[in-house]
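First the structure, in the form of structure tokens, and then the observations on it.
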Amino acid sequence: MTNRSNLLSELYQARLEDLKEIASAYGLAKNGSVEYLRAQLIRDLILPEWDLTLDGLKNILNNDLGSLLGVFGIKKTGSLRTRRQRLYLHLNHDPKQLKEENLDKMTKEDLHALCKALELPRSGNRQTLLIRVAGVLSAQYKNWGVIKRSLKRGGASVDIPYPGEDEDEAVTTPPSIEEKVDEFVSDHPEGWTFEDESSLIESIEEQTDTSLSEVAASIEESLNSHVGELEQPVPPMMQELSTEEPTLEEEAALLEITSRRAEVEAAARDYLLVGTTTDMDDMNTFIASLSTHGFSVELSRVQDAIRTIIMETAYRSEQEQHALSSKPGSWSEREAIRLFEQMRPQLRERIPEIVAGRRGNLVQARMEFEEEARTLSLDLRSPAVSGRLHALFDLHLEISEAEELQDPSAARRNRMLRILYHGAVHLPDDVRRTIERLERNLPSFESLVETVLESSEGDFSEAQQGLIIRFLESKGYLVNTAELRPRVLACAGIVGTELGYLTPSQIPRLAPGILVSDDQVDAIVAELKALAATFKPPKAEAEEPEMELAESVADASDRVGDVRGKIDRVDALLSRLRLQDDQ
């Protein structure tokens with residue numbers, strides 16, 4: 001027993017290479033991951049007296065199951081059936097392979113055999129079997145496959161049980177109510193009737209001296225603890241559609257999904273470029289976004305239908321990736337690949353035209369590209385061909401993005417957008433709407449700035465700045481505000497610098513504030529004069545400061561006259577610009 005305990009401790013702490021050496025030394029198989037191989041060695045070397053086959057697991061007592069699970073280093077608690085399921089999974093499956101997202105690859109026969117081993121109902125179609133297995137895997141998540149960390153560090157000891165150790169105790173000690181309930185639940189995996197439960201209560205009452213009410217209360221408490229096991233939460237991606245008849249609205253929405261399946265698949269491929277089928281929050285957000293395409297995603301049946309298409313598309317994408325790196329499996333597949341390679345130059349030339357024609361709608365562009373491939377007699381049913389086709393389309397998108405980053409005009413516009421949107425989250429809604437409108441019309445803004453600078457021969461003084469602001473105002477842009485005027489003029493300076501009209505030092509760092517009208521200028525001058533009069537002292541000694549203030553007011557009046565002249569010249573230039581725009 002001591003030798004087995006030492007060997008068990010060594011198995012807990014061994015790495016994959018060490019486990020393979022131990023398996024070779026004992027003439028055992030050494031395939032699988034580190035956890036799977038460790039479980040096989042514990043079964044064969046530490047617990048050889050135990051029958052841990054599928055049939056043998058059903059004959060092991062509940063108490064013994066807890067001890068065996070402890071030897072394997074995994075969770076020990078749970079009902080009898082839950083323990084058997086956990087031990088079966090740990091002994092016969094690799095946790096890295098048997099995952100919920102991989103169940104879709106299994107055939108109905110495989111799922112049927114797995115349901116039998118996990119003591120699940122075996123009736124229903126493939127999707128029903130898949131849902132049942134997924135429920136068990138979800139409930140047993142992280143409870144099998146990996147041993148406890150304390151065992152890997154060698155900080156805990158485990159007692160090794162032997163068959164028949166507690167046989168006398170099992171004979172003399174009657175089973176408890178909890179054990180009988182566990183057995184009852186395992187014998188009725190699909191549920192039970194009121195008559196079955198009444199029979200259970202009567203049988204327990206006959207074997208105990210407890211009153212009927214106490215027995216019923218104990219049974220009810222034990223049965224309630226198993227309700228969660230009978231109603232395992234199923235991942236949303238594997239939920240089965242309701243068996244109720246769909247309404248007319250749901251039937252119409254599902255028919256639309258069927259008729260527009262190609263569009264949904266194209267959108268799913270776009271989602272799978274960066275998303276996954278395991279991130280349910282991300283997938284639900286994507287499904288909700290399809291409402292902008294006219295789908296009734298508020299209906300649960302529509303969501304399930306779209307989710308199924310996404311899963312099928314993800315599975316097909318995996319097949320395509322595998323086909324890209326493997327050799328043709330048949331003569332037909334080889335000929336289909338040869339035809340695609342012949343048509344590749346023609347398809348490559350058509351991609352820019354298709355993307356430009358759809359104006360950035362990549363979902364519609366991908367659909368049109370698939371239709372183009374079908375017109376060239378390409379067999380898109382073959383994963384090797386469809387995988388190459390979509391890889392070509394995605395490669396073009398990546399190249400286009402790289403080219404845009406190297407385009408000087410794109411880089412210039414990115415600089416302008418950074419200036420416009422700097423701290424935009426704190427701006428009022430009307431200001432943000434104006435910025436968004438400017439973003440949509442940046443090429444026109446660049447043309448305006450180029451025209452102004454060209455007519456002024458590279459001068460970017462206040463007159464040219466005011467001209468740009470007033471022209472934008474005439475087009476409905478509310479840019480003459482304290483928030484937007486400095487940003488717009490800074491962007492105009494960037495355009496002038498990039499086009500060679502200005503130097504970097506001429507870019508406005510702190511642009512003027514809000515322009516004032518002629519009436520406002522007169523009011524300011526009048527207010528200054530009135531202010532000067534209030535400071536007029538009664539004595540002659542104070543005449544000298546008063547004269548200085550009066551002279552400053554007179555200078556301000558002269559400057560106002562100069563500003564009026566500049567505004568007149570701006571109006572004349574604005575009129576010429578409008579005349580050119582009309583022509």
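Chain labels follow the order of the structure tokens: the first chain is A, the next B, and so on; residue numbering restarts at 1 in every chain, and ligands are counted from 1 in their shown order.
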
Got a sec to tell me which of range 376-522 of chain A DSSP assigns to helix (DSSP H, G or I), as number ranges by chain? A: 383-406, 408-420, 424-426, 429-440, 442-455, 462-474, 485-498, 504-506, 518-522

Have a look at CA of His390 in chain A and CA of Val274 in chain A and let me know their distance in Å, one decimal.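 Spanning CA of His390 in chain A to CA of Val274 in chain A is a straight-line distance of 14.8 Å.
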
For Ser291 in chain A, which residue among A:Leu57, A:Leu489, A:Ala253, A:Met311 is the nearest when counting only C-alpha atoms?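 Looking at the shortest contact to Ser291 in chain A, the residue is A:Ala253.
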
Work out how far CA of Thr107 in chain A is from CA of Ala323 in chain A, in Å to one decimal.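 Separation of CA of Ala323 in chain A and CA of Thr107 in chain A: 20.1 Å.
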
Using only C-alpha atoms: which of A:Glu265, A:Thr292, A:Glu454, A:Asp279 has the shortest distance to Ile309 in chain A: A:Glu265

Need to verify the contact set: His293 in chain A, 12 Å, only C-alpha atoms, exclusion of same-chain residues closer than 2 positions in sequence. Can you return it as a short mmCIF file (atom, residue, chain, number, x, y, z; two decimals) with C-alpha atoms, in the first residue's frame?
```cif
data_model
loop_
_atom_site.label_atom_id
_atom_site.label_comp_id
_atom_site.auth_asym_id
_atom_site.auth_seq_id
_atom_site.Cartn_x
_atom_site.Cartn_y
_atom_site.Cartn_z
CA GLU A 256 -37.54 35.75 -44.75
CA ILE A 257 -34.50 34.22 -43.02
CA ARG A 260 -32.14 35.72 -47.38
CA GLU A 263 -27.06 37.42 -46.72
CA VAL A 264 -27.10 36.00 -43.18
CA ALA A 267 -22.85 38.62 -42.32
CA PHE A 286 -24.26 40.85 -33.49
CA ILE A 287 -27.68 39.23 -33.88
CA ALA A 288 -29.34 42.37 -32.52
CA SER A 289 -27.43 44.48 -35.07
CA LEU A 290 -29.12 42.55 -37.90
CA SER A 291 -32.30 44.51 -37.16
CA PHE A 295 -34.70 41.03 -39.77
CA SER A 296 -37.16 40.60 -36.89
CA VAL A 297 -34.49 39.73 -34.34
CA ASN A 361 -21.18 47.29 -47.56
CA VAL A 363 -21.90 41.86 -46.58
CA GLN A 364 -23.48 42.71 -49.93
#
```

Residues at most 10 Å from Val495 in chain A, counting only C-alpha atoms, excluding those fewer than 3 positions away in the same chain, as a ChimeraX atom specification? /A:409,412-413,415-416,445-447,449-450,453,489-492,498-502,507

Output file for the selection above: N, CA and C atoms, as a short mmCIF file (atom, residue, chain, number, x, y, z; two decimals), in the first residue's frame:
```cif
data_model
loop_
_atom_site.label_atom_id
_atom_site.label_comp_id
_atom_site.auth_asym_id
_atom_site.auth_seq_id
_atom_site.Cartn_x
_atom_site.Cartn_y
_atom_site.Cartn_z
N SER A 409 -3.59 61.20 -48.23
CA SER A 409 -4.88 61.86 -47.98
C SER A 409 -5.61 61.19 -46.82
N ARG A 412 -3.96 62.34 -43.67
CA ARG A 412 -4.33 63.73 -43.38
C ARG A 412 -5.73 63.79 -42.77
N ARG A 413 -6.65 63.05 -43.34
CA ARG A 413 -8.01 63.06 -42.81
C ARG A 413 -8.08 62.45 -41.42
N ARG A 415 -5.75 62.77 -39.18
CA ARG A 415 -5.29 63.85 -38.30
C ARG A 415 -6.41 64.85 -38.05
N MET A 416 -7.14 65.18 -39.10
CA MET A 416 -8.24 66.13 -38.96
C MET A 416 -9.33 65.57 -38.04
N PHE A 445 -14.66 69.83 -47.76
CA PHE A 445 -13.99 70.80 -46.91
C PHE A 445 -12.56 71.07 -47.41
N GLU A 446 -11.87 70.02 -47.82
CA GLU A 446 -10.52 70.21 -48.35
C GLU A 446 -10.54 71.05 -49.62
N SER A 447 -11.53 70.82 -50.46
CA SER A 447 -11.64 71.63 -51.69
C SER A 447 -11.89 73.10 -51.36
N VAL A 449 -10.95 74.75 -48.60
CA VAL A 449 -9.70 75.33 -48.07
C VAL A 449 -8.70 75.56 -49.21
N GLU A 450 -8.60 74.62 -50.13
CA GLU A 450 -7.67 74.77 -51.24
C GLU A 450 -8.05 75.97 -52.11
N LEU A 453 -7.14 79.30 -50.17
CA LEU A 453 -5.70 79.53 -50.12
C LEU A 453 -5.13 79.83 -51.50
N LEU A 489 -10.56 75.66 -37.98
CA LEU A 489 -9.43 76.42 -38.53
C LEU A 489 -8.12 75.64 -38.41
N ALA A 490 -7.98 74.88 -37.32
CA ALA A 490 -6.78 74.03 -37.21
C ALA A 490 -6.76 72.98 -38.31
N CYS A 491 -7.94 72.38 -38.61
CA CYS A 491 -8.02 71.41 -39.71
C CYS A 491 -7.71 72.07 -41.04
N ALA A 492 -8.19 73.32 -41.24
CA ALA A 492 -7.87 74.04 -42.47
C ALA A 492 -6.37 74.28 -42.59
N GLU A 498 -0.38 70.41 -45.82
CA GLU A 498 -0.20 69.20 -46.63
C GLU A 498 -0.15 69.53 -48.12
N LEU A 499 -0.93 70.53 -48.55
CA LEU A 499 -0.96 70.89 -49.97
C LEU A 499 0.15 71.85 -50.36
N GLY A 500 0.94 72.32 -49.40
CA GLY A 500 2.08 73.16 -49.72
C GLY A 500 1.81 74.65 -49.73
N TYR A 501 0.63 75.11 -49.32
CA TYR A 501 0.34 76.53 -49.30
C TYR A 501 0.86 77.21 -48.04
N LEU A 502 0.93 76.47 -46.94
CA LEU A 502 1.33 77.04 -45.65
C LEU A 502 2.51 76.28 -45.08
N ILE A 507 -0.15 77.18 -39.03
CA ILE A 507 -1.36 76.50 -38.59
C ILE A 507 -1.87 77.19 -37.33
#
```

One residue among A:Ser67, A:Gln346, A:Thr451, A:Ser332 is nearest to Asp159 in chain A when using only C-alpha atoms, and that residue is A:Ser67

Using only C-alpha atoms, which residues sit within 9 Å of Ser382 in chain A once same-chain residues fewer than 4 positions away are excluded, as a ChimeraX atom specification? /A:320,333,336,386-387

Name all residues at most 10 Å from range 476-483 of chain A (count only C-alpha atoms; drop same-chain ones fewer than 2 positions away) and give them as a PyMOL selection string. chain A and resi 420+424+427-428+430-431+433-435+437-438+466+468-474+485-489+511-515

Kindly export the residues of the current selection with C-alpha atoms, as a PDB file, in the first residue's frame.
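Full text of again.pdb as output:
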```pdb
ATOM      1  CA  LEU A 420     -12.410  67.364 -34.506  1.00  0.00           C
ATOM      2  CA  ALA A 424     -16.137  65.310 -28.269  1.00  0.00           C
ATOM      3  CA  LEU A 427     -19.608  68.481 -26.271  1.00  0.00           C
ATOM      4  CA  PRO A 428     -23.328  69.234 -26.742  1.00  0.00           C
ATOM      5  CA  ASP A 430     -25.715  69.744 -31.809  1.00  0.00           C
ATOM      6  CA  VAL A 431     -21.936  70.247 -31.871  1.00  0.00           C
ATOM      7  CA  ARG A 433     -23.884  66.332 -35.086  1.00  0.00           C
ATOM      8  CA  THR A 434     -22.008  69.127 -36.881  1.00  0.00           C
ATOM      9  CA  ILE A 435     -18.720  67.239 -36.434  1.00  0.00           C
ATOM     10  CA  ARG A 437     -21.551  66.023 -40.854  1.00  0.00           C
ATOM     11  CA  LEU A 438     -18.091  67.480 -41.415  1.00  0.00           C
ATOM     12  CA  GLY A 466     -13.372  84.257 -41.505  1.00  0.00           C
ATOM     13  CA  ILE A 468     -13.981  79.666 -44.431  1.00  0.00           C
ATOM     14  CA  ILE A 469     -16.186  79.975 -41.341  1.00  0.00           C
ATOM     15  CA  ARG A 470     -18.818  82.126 -43.084  1.00  0.00           C
ATOM     16  CA  PHE A 471     -18.918  79.877 -46.144  1.00  0.00           C
ATOM     17  CA  LEU A 472     -19.520  76.821 -43.942  1.00  0.00           C
ATOM     18  CA  GLU A 473     -22.229  78.722 -42.094  1.00  0.00           C
ATOM     19  CA  SER A 474     -23.931  79.502 -45.403  1.00  0.00           C
ATOM     20  CA  ARG A 485     -14.224  77.412 -34.710  1.00  0.00           C
ATOM     21  CA  PRO A 486     -10.708  76.632 -33.369  1.00  0.00           C
ATOM     22  CA  ARG A 487     -10.981  72.982 -34.456  1.00  0.00           C
ATOM     23  CA  VAL A 488     -12.166  73.825 -37.983  1.00  0.00           C
ATOM     24  CA  LEU A 489      -9.429  76.417 -38.533  1.00  0.00           C
ATOM     25  CA  ALA A 511      -7.912  80.593 -33.390  1.00  0.00           C
ATOM     26  CA  PRO A 512     -10.040  83.736 -32.786  1.00  0.00           C
ATOM     27  CA  GLY A 513     -13.291  83.359 -30.927  1.00  0.00           C
ATOM     28  CA  ILE A 514     -16.806  84.166 -32.058  1.00  0.00           C
ATOM     29  CA  LEU A 515     -17.152  86.775 -34.808  1.00  0.00           C
TER      30      LEU A 515
END
```

Would you kindly return, as a ChimeraX atom specification, each protein, DNA or RNA residue with an atom no farther than 7 Å from any atom of Lys152 in chain A, considering only C-alpha atoms and excluding same-chain residues fewer than 2 positions away? /A:12-13,148-150,154

Write the residues of the preceding selection, restricted to C-alpha atoms, as a compact mmCIF listing (two decimals), in the first residue's frame.
```txt
# COMPACT_ATOMS: atom_id res chain seq x y z
CA TYR A 12 0.16 13.72 -9.23
CA GLN A 13 3.36 15.75 -9.61
CA LYS A 148 -6.51 19.71 -7.66
CA ARG A 149 -3.53 22.06 -7.33
CA SER A 150 -2.76 20.88 -3.81
CA GLY A 154 2.38 17.34 -2.99
```

Nearest residue to Pro95 in chain A from the set A:Ile74, A:Leu273, A:Val146, A:Leu129 (distances using only C-alpha atoms): A:Val146

As a check of understanding: the span from CA of Ser325 in chain A to CA of Gly275 in chain A is 22.3 Å
